[in-house]
file upload_36.cif (mmCIF, C-alpha atoms)
data_my_file
#
loop_
_atom_site.label_atom_id
_atom_site.label_comp_id
_atom_site.auth_asym_id
_atom_site.auth_seq_id
_atom_site.Cartn_x
_atom_site.Cartn_y
_atom_site.Cartn_z
CA MET A 851 -47.06 -28.59 18.25
CA ALA A 852 -50.06 -29.86 16.27
CA GLN A 853 -52.43 -27.59 18.17
CA ARG A 854 -50.17 -24.56 17.80
CA HIS A 855 -49.79 -25.23 14.06
CA HIS A 856 -53.59 -25.35 13.79
CA GLU A 857 -53.85 -22.03 15.61
CA LEU A 858 -51.34 -20.41 13.26
CA THR A 859 -53.22 -21.58 10.16
CA ASP A 860 -56.81 -21.36 11.42
CA SER A 861 -58.72 -19.27 8.91
CA THR A 862 -61.26 -18.21 11.54
CA ALA A 863 -58.62 -16.46 13.66
CA ALA A 864 -57.84 -12.81 13.09
CA PRO A 865 -55.10 -12.41 10.46
CA VAL A 866 -51.80 -10.81 11.42
CA ALA A 867 -51.04 -7.95 9.02
CA GLU A 868 -47.66 -6.78 7.77
CA ASP A 869 -47.77 -3.96 10.34
CA ALA A 870 -46.63 -6.50 12.95
CA LEU A 871 -43.62 -7.35 10.78
CA THR A 872 -42.61 -3.74 10.20
CA GLY A 873 -43.11 -2.90 13.87
CA TYR A 874 -40.96 -5.84 14.98
CA LEU A 875 -38.14 -5.06 12.53
CA ARG A 876 -38.13 -1.39 13.53
CA ALA A 877 -37.99 -2.31 17.22
CA GLN A 878 -35.04 -4.63 16.65
CA ALA A 879 -33.28 -1.97 14.58
CA VAL A 880 -33.70 0.48 17.47
CA GLU A 881 -32.22 -2.14 19.84
CA PHE A 882 -29.28 -2.53 17.46
CA LEU A 883 -28.65 1.24 17.44
CA ARG A 884 -28.88 1.42 21.25
CA ALA A 885 -26.29 -1.34 21.51
CA LEU A 886 -24.11 0.53 19.03
CA ARG A 887 -24.31 3.65 21.19
CA LEU A 888 -23.36 1.59 24.25
CA HIS A 889 -20.38 0.21 22.35
CA GLN A 890 -19.22 3.72 21.45
CA GLU A 891 -19.71 5.07 24.97
CA SER A 892 -17.62 2.21 26.37
CA GLY A 893 -14.64 3.40 24.33
CA GLY A 894 -15.23 1.53 21.09
CA ALA A 895 -14.40 2.75 17.63
CA PRO A 896 -16.64 5.68 16.64
CA TYR A 897 -19.25 5.18 13.98
CA GLY A 898 -19.29 7.90 11.39
CA GLY A 899 -22.44 6.98 9.49
CA GLY A 900 -25.44 9.18 8.99
CA GLY A 901 -28.91 8.97 10.45
CA ALA A 902 -29.70 7.99 14.02
CA ALA A 903 -26.62 5.82 14.38
CA GLY A 904 -24.24 8.59 13.39
CA ARG A 905 -25.34 10.92 16.17
CA ALA A 906 -23.83 8.77 18.93
CA GLN A 907 -20.53 10.12 20.20
CA PRO A 908 -17.94 7.94 21.96
CA ARG A 909 -16.39 8.83 25.27
CA ALA A 910 -12.72 9.46 25.51
CA GLY A 911 -10.92 6.27 26.22
CA GLY A 912 -8.96 3.39 24.79
CA ALA A 913 -10.14 1.07 22.09
CA GLY A 914 -12.30 -1.78 23.25
CA HIS A 915 -15.85 -2.99 23.34
CA SER A 916 -18.37 -3.72 26.05
CA PRO A 917 -19.46 -7.36 26.44
CA ASP A 918 -22.99 -6.12 27.11
CA ALA A 919 -22.93 -4.05 23.91
CA ALA A 920 -21.59 -6.97 21.88
CA ARG A 921 -24.28 -9.25 23.31
CA ALA A 922 -27.04 -6.76 22.52
CA LEU A 923 -25.71 -6.19 19.00
CA ARG A 924 -25.58 -9.94 18.48
CA ARG A 925 -29.10 -10.41 19.80
CA ALA A 926 -30.63 -7.72 17.57
CA ALA A 927 -28.66 -8.84 14.51
CA ARG A 928 -29.83 -12.45 14.98
CA ARG A 929 -33.46 -11.43 15.25
CA ILE A 930 -33.39 -9.13 12.25
CA SER A 931 -31.58 -11.73 10.14
CA GLY A 932 -33.88 -14.56 11.24
CA THR A 933 -37.01 -12.49 10.59
CA LEU A 934 -35.78 -11.56 7.12
CA HIS A 935 -35.27 -15.27 6.43
CA THR A 936 -38.72 -16.38 7.59
CA PHE A 937 -40.68 -13.56 5.97
CA ARG A 938 -38.45 -12.96 2.95
CA PRO A 939 -41.31 -13.14 0.35
CA LEU A 940 -42.80 -10.03 1.99
CA LEU A 941 -39.60 -7.96 1.83
CA ASP A 942 -37.75 -6.28 -0.98
CA PRO A 943 -35.57 -9.15 -2.28
CA GLY A 944 -32.57 -7.05 -3.31
CA TRP A 945 -32.33 -5.30 0.05
CA SER A 946 -33.11 -8.41 2.11
CA GLU A 947 -30.57 -10.68 0.39
CA GLN A 948 -27.90 -8.02 0.76
CA ILE A 949 -28.25 -7.27 4.47
CA ARG A 950 -29.12 -10.73 5.82
CA PRO A 951 -25.69 -12.39 5.26
CA GLU A 952 -23.98 -9.27 6.62
CA LEU A 953 -25.98 -9.51 9.84
CA SER A 954 -25.09 -13.19 10.11
CA TRP A 955 -21.41 -12.33 9.64
CA LEU A 956 -21.59 -9.71 12.38
CA SER A 957 -23.42 -11.95 14.82
CA GLY A 958 -21.00 -14.84 14.25
CA THR A 959 -17.93 -12.63 14.62
CA LEU A 960 -19.11 -11.09 17.88
CA ALA A 961 -20.02 -14.49 19.34
CA GLN A 962 -16.56 -16.05 19.11
CA GLU A 963 -14.87 -14.33 22.05
CA HIS A 964 -17.59 -15.21 24.54
CA ALA A 965 -17.72 -18.77 23.19
CA CYS A 966 -13.99 -19.29 23.77
CA GLU A 967 -14.22 -17.93 27.30
CA ALA A 968 -17.25 -20.07 28.19
CA ARG A 969 -15.66 -23.17 26.64
CA LEU A 970 -12.49 -22.78 28.68
CA GLU A 971 -14.46 -22.35 31.90
CA ARG A 972 -16.56 -25.40 31.11
CA LEU A 973 -13.55 -27.60 30.40
CA LEU A 974 -11.56 -26.51 33.45
CA LEU A 975 -14.53 -27.11 35.75
CA ALA A 976 -15.02 -30.54 34.19
CA LEU A 977 -11.35 -31.38 34.74
CA HIS A 978 -11.68 -30.34 38.37
CA ARG A 979 -14.78 -32.48 38.80
CA LEU A 980 -13.21 -35.53 37.15
CA SER A 981 -9.79 -35.37 38.82
CA GLY A 982 -10.60 -33.86 42.20
CA THR A 983 -7.94 -31.17 41.70
CA SER A 984 -8.40 -27.49 42.45
CA PRO A 985 -9.94 -25.65 39.52
CA THR A 986 -7.42 -23.64 37.54
CA PRO A 987 -8.72 -20.11 37.00
CA PRO A 988 -8.68 -19.13 33.34
CA THR A 989 -5.92 -16.74 32.40
CA VAL A 990 -7.71 -13.82 30.77
CA PRO A 991 -5.34 -12.10 28.36
CA VAL A 992 -5.20 -8.34 28.10
CA PRO A 993 -7.41 -7.46 25.11
CA SER A 994 -5.44 -5.99 22.28
CA SER A 995 -6.24 -5.04 18.73
CA ALA A 996 -2.78 -6.21 17.65
CA PRO A 997 -2.51 -9.70 16.15
CA ALA A 998 -1.98 -12.34 18.77
CA ARG A 999 1.33 -14.18 18.84
CA GLN A 1000 1.24 -17.95 19.00
CA PRO A 1001 2.69 -19.15 22.33
CA ALA A 1002 4.71 -22.30 22.54
CA ASP A 1003 2.74 -25.51 23.04
CA LEU A 1004 2.83 -26.88 26.56
CA THR A 1005 4.69 -30.13 26.01
CA GLU A 1006 6.76 -32.57 27.98
CA ALA A 1007 9.67 -32.58 25.55
CA ALA A 1008 11.37 -29.99 23.40
CA PRO A 1009 9.02 -27.84 21.32
CA ALA A 1010 7.84 -29.75 18.31
CA ASP A 1011 7.50 -28.68 14.73
CA PRO A 1012 3.98 -27.20 14.48
CA MET A 1013 3.50 -29.09 11.22
CA SER A 1014 4.49 -32.43 12.70
CA PRO A 1015 1.73 -34.94 13.49
CA ALA A 1016 0.59 -35.56 17.03
CA SER A 1017 2.40 -38.25 18.92
CA PRO A 1018 0.86 -41.62 17.98
CA THR A 1019 1.37 -42.83 21.53
CA ALA A 1020 -0.35 -39.81 23.06
CA THR A 1021 -3.22 -39.97 20.60
CA ALA A 1022 -3.66 -43.68 21.23
CA THR A 1023 -3.69 -43.00 24.97
CA ALA A 1024 -6.43 -40.39 24.54
CA VAL A 1025 -8.50 -42.76 22.40
CA THR A 1026 -8.04 -45.56 24.95
CA ALA A 1027 -9.10 -43.29 27.79
CA ALA A 1028 -12.27 -42.36 25.93
CA ALA A 1029 -12.97 -45.92 24.80
CA THR A 1030 -12.85 -47.26 28.37
CA LEU A 1031 -15.94 -45.17 29.11
CA THR A 1032 -18.01 -46.68 26.28
CA SER A 1033 -18.74 -49.95 28.06
CA PRO A 1034 -22.28 -50.43 29.43
CA HIS A 1035 -20.59 -50.46 32.86
CA PRO A 1036 -17.60 -48.15 32.37
CA PRO A 1037 -14.91 -48.22 35.05
CA LEU A 1038 -14.16 -45.08 36.93
CA PRO A 1039 -11.19 -43.22 35.48
CA ASP A 1040 -7.85 -43.84 37.13
CA ARG A 1041 -7.99 -40.91 39.58
CA ALA A 1042 -4.25 -40.96 40.30
CA HIS A 1043 -3.32 -41.08 36.62
CA LEU A 1044 -5.94 -38.47 35.81
CA THR A 1045 -4.73 -36.11 38.54
CA VAL A 1046 -1.18 -36.22 37.18
CA GLY A 1047 -2.27 -35.17 33.71
CA ALA A 1048 -5.16 -32.86 34.65
CA VAL A 1049 -2.98 -29.92 35.68
CA LYS A 1050 -0.99 -29.92 32.47
CA ALA A 1051 -4.07 -30.64 30.39
CA GLY A 1052 -5.75 -27.63 31.99
CA ALA A 1053 -2.71 -25.45 31.30
CA LEU A 1054 -2.65 -26.59 27.67
CA LEU A 1055 -6.35 -25.83 27.24
CA ASP A 1056 -5.85 -22.48 28.96
CA ARG A 1057 -3.15 -21.50 26.47
CA GLN A 1058 -4.95 -22.70 23.38
CA LEU A 1059 -8.38 -21.27 24.19
CA ASN A 1060 -7.04 -17.97 25.51
CA LEU A 1061 -5.08 -17.62 22.29
CA ALA A 1062 -8.32 -18.24 20.37
CA ARG A 1063 -10.12 -15.76 22.62
CA THR A 1064 -7.50 -13.07 22.02
CA ARG A 1065 -7.75 -13.58 18.28
CA ALA A 1066 -11.55 -13.47 18.46
CA HIS A 1067 -11.36 -10.22 20.46
CA SER A 1068 -9.08 -8.69 17.82
CA ALA A 1069 -11.38 -9.89 15.05
CA ALA A 1070 -14.39 -8.32 16.81
CA LEU A 1071 -12.58 -5.00 17.20
CA GLN A 1072 -11.54 -5.02 13.56
CA ALA A 1073 -15.08 -5.90 12.48
CA LEU A 1074 -16.67 -3.12 14.54
CA GLY A 1075 -14.28 -0.58 13.07
CA SER A 1076 -14.52 -1.76 9.48
CA SER A 1077 -16.30 -0.16 6.55
CA ARG A 1078 -18.26 -3.39 6.22
CA PHE A 1079 -19.79 -2.87 9.67
CA HIS A 1080 -20.43 0.80 8.93
CA ALA A 1081 -22.42 -0.24 5.85
CA VAL A 1082 -24.49 -2.68 7.94
CA ALA A 1083 -25.13 -0.01 10.59
CA ASP A 1084 -26.24 2.44 7.89
CA GLN A 1085 -28.77 -0.07 6.59
CA VAL A 1086 -30.07 -0.83 10.07
CA ALA A 1087 -30.41 2.89 10.78
CA VAL A 1088 -32.61 3.20 7.69
CA LEU A 1089 -34.57 0.12 8.78
CA ALA A 1090 -35.44 1.85 12.06
CA SER A 1091 -37.58 4.32 10.12
CA GLU A 1092 -38.56 2.47 6.96
CA VAL A 1093 -38.95 -1.25 6.19
CA PRO A 1094 -38.59 -2.04 2.45
CA LEU A 1095 -41.59 -4.25 1.70
CA ALA A 1096 -42.41 -6.21 -1.42
CA PRO A 1097 -45.77 -5.87 -3.20
CA ALA A 1098 -46.72 -9.30 -1.81
CA ALA A 1099 -46.85 -7.78 1.68
CA VAL A 1100 -50.12 -6.03 0.90
CA ASP A 1101 -52.97 -7.92 2.61
CA ALA A 1102 -50.56 -10.75 3.58
CA ASP A 1103 -51.26 -12.87 6.65
CA LEU A 1104 -48.07 -13.45 8.65
CA ARG A 1105 -49.44 -16.59 10.28
CA SER A 1106 -48.85 -18.70 7.18
CA PHE A 1107 -45.15 -17.81 7.14
CA ALA A 1108 -44.80 -18.54 10.85
CA ALA A 1109 -46.57 -21.87 10.32
CA ALA A 1110 -44.12 -22.72 7.53
CA ALA A 1111 -41.20 -22.04 9.90
CA GLU A 1112 -42.80 -24.32 12.49
CA GLU A 1113 -43.31 -27.05 9.88
CA ARG A 1114 -39.64 -26.92 8.87
CA LEU A 1115 -38.70 -27.34 12.53
CA THR A 1116 -41.11 -30.25 13.00
CA ASP A 1117 -39.76 -32.03 9.93
CA ALA A 1118 -36.16 -31.58 11.10
CA VAL A 1119 -37.00 -32.95 14.55
CA ALA A 1120 -38.77 -35.92 12.97
CA ALA A 1121 -35.54 -36.79 11.16
CA LEU A 1122 -33.57 -36.95 14.44
CA PRO A 1123 -32.95 -40.34 16.10
CA LEU A 1124 -35.09 -39.46 19.11
CA VAL A 1125 -35.62 -43.13 20.01
CA THR A 1126 -31.92 -43.55 20.75
CA ALA A 1127 -31.23 -39.96 21.83
CA GLY A 1128 -29.46 -39.79 25.15
CA HIS A 1129 -27.88 -43.23 24.94
CA PRO A 1130 -24.95 -42.77 27.33
CA TYR A 1131 -22.46 -45.06 25.62
CA ASN A 1132 -22.15 -43.71 22.09
CA ALA A 1133 -18.83 -45.32 21.23
CA GLU A 1134 -18.86 -44.09 17.64
CA ALA A 1135 -19.12 -40.49 18.78
CA LEU A 1136 -16.23 -40.87 21.22
CA VAL A 1137 -13.86 -42.56 18.78
CA HIS A 1138 -14.63 -40.15 15.95
CA GLY A 1139 -13.90 -37.12 18.12
CA LEU A 1140 -10.35 -38.27 18.88
CA SER A 1141 -9.56 -39.43 15.35
CA PRO A 1142 -6.92 -37.55 13.32
CA ASP A 1143 -9.73 -36.04 11.22
CA PRO A 1144 -10.48 -32.56 12.66
CA ALA A 1145 -13.77 -32.25 10.72
CA PRO A 1146 -16.92 -31.46 12.74
CA HIS A 1147 -18.67 -34.43 14.21
CA PRO A 1148 -21.19 -35.79 11.67
CA GLN A 1149 -23.65 -36.82 14.40
CA ASP A 1150 -23.92 -33.25 15.68
CA THR A 1151 -24.85 -31.45 12.44
CA PRO A 1152 -28.59 -32.28 12.33
CA TRP A 1153 -28.96 -31.30 15.99
CA HIS A 1154 -27.30 -27.94 15.35
CA GLN A 1155 -29.67 -27.43 12.42
CA VAL A 1156 -32.69 -28.12 14.65
CA ARG A 1157 -31.36 -25.55 17.11
CA LEU A 1158 -31.27 -22.91 14.36
CA LEU A 1159 -34.76 -23.82 13.14
CA LEU A 1160 -36.10 -23.67 16.70
CA ARG A 1161 -34.65 -20.19 17.04
CA LEU A 1162 -36.30 -19.09 13.77
CA HIS A 1163 -39.61 -20.52 15.00
CA ARG A 1164 -39.36 -18.55 18.25
CA TYR A 1165 -38.53 -15.34 16.39
CA ALA A 1166 -41.57 -15.87 14.15
CA LEU A 1167 -43.76 -16.21 17.24
CA GLU A 1168 -42.28 -12.99 18.59
CA VAL A 1169 -43.34 -11.22 15.39
CA LEU A 1170 -46.89 -12.53 15.75
CA HIS A 1171 -47.01 -11.39 19.38
CA ASN A 1172 -45.55 -7.94 18.67
CA GLY A 1173 -42.16 -8.81 20.14
CA ASP A 1174 -43.54 -10.24 23.39
CA ARG A 1175 -41.70 -13.49 24.19
CA VAL A 1176 -43.93 -14.37 27.18
CA PRO A 1177 -46.51 -16.39 25.17
CA VAL A 1178 -43.83 -18.82 23.98
CA ASP A 1179 -44.43 -22.22 25.57
CA ALA A 1180 -42.06 -22.89 28.48
CA ARG A 1181 -41.44 -26.36 27.09
CA LEU A 1182 -40.27 -24.77 23.84
CA ILE A 1183 -37.78 -22.73 25.85
CA ALA A 1184 -36.63 -25.89 27.66
CA ALA A 1185 -36.04 -27.57 24.31
CA GLY A 1186 -33.96 -24.60 23.17
CA GLU A 1187 -31.89 -24.65 26.35
CA ALA A 1188 -31.18 -28.37 25.87
CA LEU A 1189 -29.96 -27.70 22.34
CA ASP A 1190 -27.79 -24.83 23.60
CA ARG A 1191 -26.18 -27.22 26.09
CA HIS A 1192 -25.76 -29.74 23.29
CA ARG A 1193 -23.81 -27.30 21.16
CA GLU A 1194 -21.66 -26.10 24.08
CA ALA A 1195 -20.75 -29.67 25.08
CA ALA A 1196 -20.06 -30.69 21.48
CA GLU A 1197 -17.73 -27.74 20.94
CA ALA A 1198 -16.01 -28.36 24.29
CA ALA A 1199 -15.44 -32.00 23.32
CA ALA A 1200 -13.97 -30.86 20.02
CA ALA A 1201 -11.61 -28.48 21.87
CA ALA A 1202 -10.43 -31.31 24.14
CA ALA A 1203 -9.85 -33.53 21.10
CA GLN A 1204 -7.91 -30.75 19.37
CA ALA A 1205 -5.71 -30.35 22.44
CA ALA A 1206 -5.10 -34.11 22.47
CA ARG A 1207 -3.65 -33.78 18.94
CA THR A 1208 -0.95 -31.39 20.18
CA PRO A 1209 2.50 -32.77 19.24
CA ARG A 1210 4.59 -34.47 21.91
CA ILE A 1211 2.27 -34.22 24.88
CA ALA A 1212 2.86 -36.71 27.67
CA PRO A 1213 0.68 -39.83 27.94
CA ALA A 1214 -0.76 -38.63 31.27
CA THR A 1215 -1.83 -35.36 29.65
CA ALA A 1216 -3.35 -37.22 26.72
CA TYR A 1217 -5.16 -39.54 29.13
CA ALA A 1218 -6.71 -36.59 30.97
CA LEU A 1219 -7.81 -35.01 27.69
CA GLY A 1220 -9.31 -38.31 26.53
CA VAL A 1221 -11.34 -38.63 29.73
CA LEU A 1222 -12.38 -34.99 29.40
CA HIS A 1223 -13.46 -35.54 25.79
CA ALA A 1224 -15.52 -38.59 26.81
CA ASP A 1225 -17.12 -36.61 29.62
CA GLN A 1226 -18.23 -33.86 27.25
CA ARG A 1227 -19.57 -36.37 24.72
CA HIS A 1228 -21.64 -37.84 27.55
CA GLU A 1229 -22.92 -34.31 28.17
CA VAL A 1230 -23.89 -34.17 24.49
CA GLU A 1231 -25.93 -37.36 24.87
CA ALA A 1232 -27.53 -36.05 28.07
CA ALA A 1233 -28.58 -32.85 26.28
CA ARG A 1234 -30.10 -34.89 23.45
CA TYR A 1235 -32.06 -36.91 25.97
CA ALA A 1236 -33.27 -33.73 27.70
CA PHE A 1237 -34.40 -32.33 24.36
CA GLN A 1238 -36.20 -35.56 23.53
CA ARG A 1239 -38.12 -35.50 26.83
CA SER A 1240 -39.07 -31.82 26.54
CA TRP A 1241 -40.15 -32.27 22.93
CA GLN A 1242 -42.26 -35.33 23.71
CA LYS A 1243 -43.95 -33.50 26.60
CA GLN A 1244 -44.63 -30.62 24.27
CA THR A 1245 -46.11 -32.91 21.62
CA VAL A 1246 -48.33 -34.71 24.16
CA GLY A 1247 -49.36 -31.45 25.80
CA THR A 1248 -50.43 -29.80 22.52
CA SER A 1249 -52.30 -32.84 21.22
CA THR A 1250 -54.56 -33.36 24.24
#

call {"tool": "encode", "arguments": {"input": "upload_36.cif", "output": "structure tokens"}}
result
Amino acid sequence: MAQRHHELTDSTAAPVAEDALTGYLRAQAVEFLRALRLHQESGGAPYGGGGAAGRAQPRAGGAGHSPDAARALRRAARRISGTLHTFRPLLDPGWSEQIRPELSWLSGTLAQEHACEARLERLLLALHRLSGTSPTPPTVPVPSSAPARQPADLTEAAPADPMSPASPTATATAVTAAATLTSPHPPLPDRAHLTVGAVKAGALLDRQLNLARTRAHSAALQALGSSRFHAVADQVAVLASEVPLAPAAVDADLRSFAAAAEERLTDAVAALPLVTAGHPYNAEALVHGLSPDPAPHPQDTPWHQVRLLLRLHRYALEVLHNGDRVPVDARLIAAGEALDRHREAAEAAAAAAQAARTPRIAPATAYALGVLHADQRHEVEAARYAFQRSWQKQTVGTST
């Protein structure tokens, strides 16, 4: 990192003019419009805006959206938003501050459906691995733009009041199951007890996460057909032909802004507990996840922030290399993949903990969810360790 930072700030190197920034933003805007056309041709809601985006015509068909189109829209929106953040002094402030949060809203909305689907698959496969049972295939609901109806909780007794607290016995069982794995030499989970609860735990997760997925699908459809999205698409269509620059962009060197993004990342990594990262018996993390407090895990927040800063750093390098991602160090990509796994495991653990708070679930079901939660928190620690190793290799490699 030290060597790369020196290269970005070396005054003897050729400066990178604002033309690279405008070219990159225009290219990403074109990618956004192509994804919008793909969405319309797959039967999505038509876009009635002007400019290049308004000329796309949808095929006849039912309402829906293509996963590939949503992924491409998300990808382009993230890159435009991240680039506007890193190079904001060079862009018209009124325009930049207006479109950037809208792009973040769009990207976040479109990401939820895929995240729910991937989380369910991850948890069911982990249950299968832990219990030795046959994996339960996720039940994919039929996408619908109508609001999803809450199904009954999968419980052992009569349906409980949704506002009633989770069973203290079941919650205590889940906490105990997780706590047994925090010893330096944790015993293997009770396979017989785990097998009994794994099937019903999987069914409960299937219902809860498929409900969340259906709601996310409806939210994405509503977003893509809203006037708010049409306004964003209009602005991106204009961006494809003209980038509103600030006077400061004249004779500016983009390397200094990319170096500042790298420095923010380096400072955030330096604040992480890398010495203890990857410790496999993080009892505090396990107990907090199954506590009655549904707030996000406090240990995960700085790691998620590093993941975002690493993404901004990579986008800045793309700008300097005219959109070519090949020059990015492979070790930097490995660090990003470790942080992606960290987030996925942390969110999967949170989903298992949320399921364990379901009212009136049987102790065997709670036990299975507690073991599943502990397993995913171990995956979190493993991802932190992988990030630590990749980052240390990167630091050593760039300083020699």

call {"tool": "residues_around", "arguments": {"input": "upload_36.cif", "residues": "range 962-965 of chain A", "least_positions_apart": "4", "cutoff": "7 Å", "atoms": "all atoms listed in the file", "output": "ChimeraX atom specification"}}
result
/A:958,969,1063,1066-1067

call {"tool": "atom_distance", "arguments": {"input": "upload_36.cif", "atom1": "CA of Ala1201 in chain A", "atom2": "CA of Arg924 in chain A"}}
result
23.5 Å

call {"tool": "atom_distance", "arguments": {"input": "upload_36.cif", "atom1": "CA of His1080 in chain A", "atom2": "CA of Glu868 in chain A"}}
result
28.3 Å

call {"tool": "closest_residue", "arguments": {"input": "upload_36.cif", "among": "A:Val1100, A:Leu1160, A:Val880, A:Leu1122", "to": "Arg1181 in chain A", "atoms": "only C-alpha atoms"}}
result
A:Leu1160

call {"tool": "closest_residue", "arguments": {"input": "upload_36.cif", "among": "A:Leu956, A:Ala1212, A:Ala1206, A:Ala877", "to": "Gly1075 in chain A", "atoms": "only C-alpha atoms"}}
result
A:Leu956

call {"tool": "atom_distance", "arguments": {"input": "upload_36.cif", "atom1": "CA of Ser957 in chain A", "atom2": "CA of Val1230 in chain A"}}
result
24.2 Å

call {"tool": "resolve_selection", "arguments": {"input": "upload_36.cif", "expression": "the PyMOL selection byres ((chain A and resi 1219) around 7)", "output": "MDAnalysis selection string"}}
result
chainID A and resid 1024 1051 1202 1206 1215:1218 1220:1223

call {"tool": "resolve_selection", "arguments": {"input": "upload_36.cif", "expression": "the PyMOL selection byres ((chain A and resi 1089) around 12)", "output": "MDAnalysis selection string"}}
result
chainID A and resid 871:883 901:903 930 934 941 945:946 949 1082:1088 1090:1095

call {"tool": "resolve_selection", "arguments": {"input": "upload_36.cif", "expression": "the PyMOL selection byres ((chain A and resi 1110-1117) around 8)", "output": "list in words"}}
result
His855, Thr936, Ser1106, Phe1107, Ala1108, Ala1109, Ala1118, Val1119, Ala1120, Ala1121, Val1156, Leu1159, Leu1160, Leu1162, His1163 and Ala1166 of chain A

call {"tool": "residues_near_point", "arguments": {"input": "upload_36.cif", "point": "(-50.3, -5.9, 3.8)", "cutoff": "12 Å", "atoms": "only C-alpha atoms", "output": "MDAnalysis selection string"}}
result
chainID A and resid 865:872 940:941 1095:1104
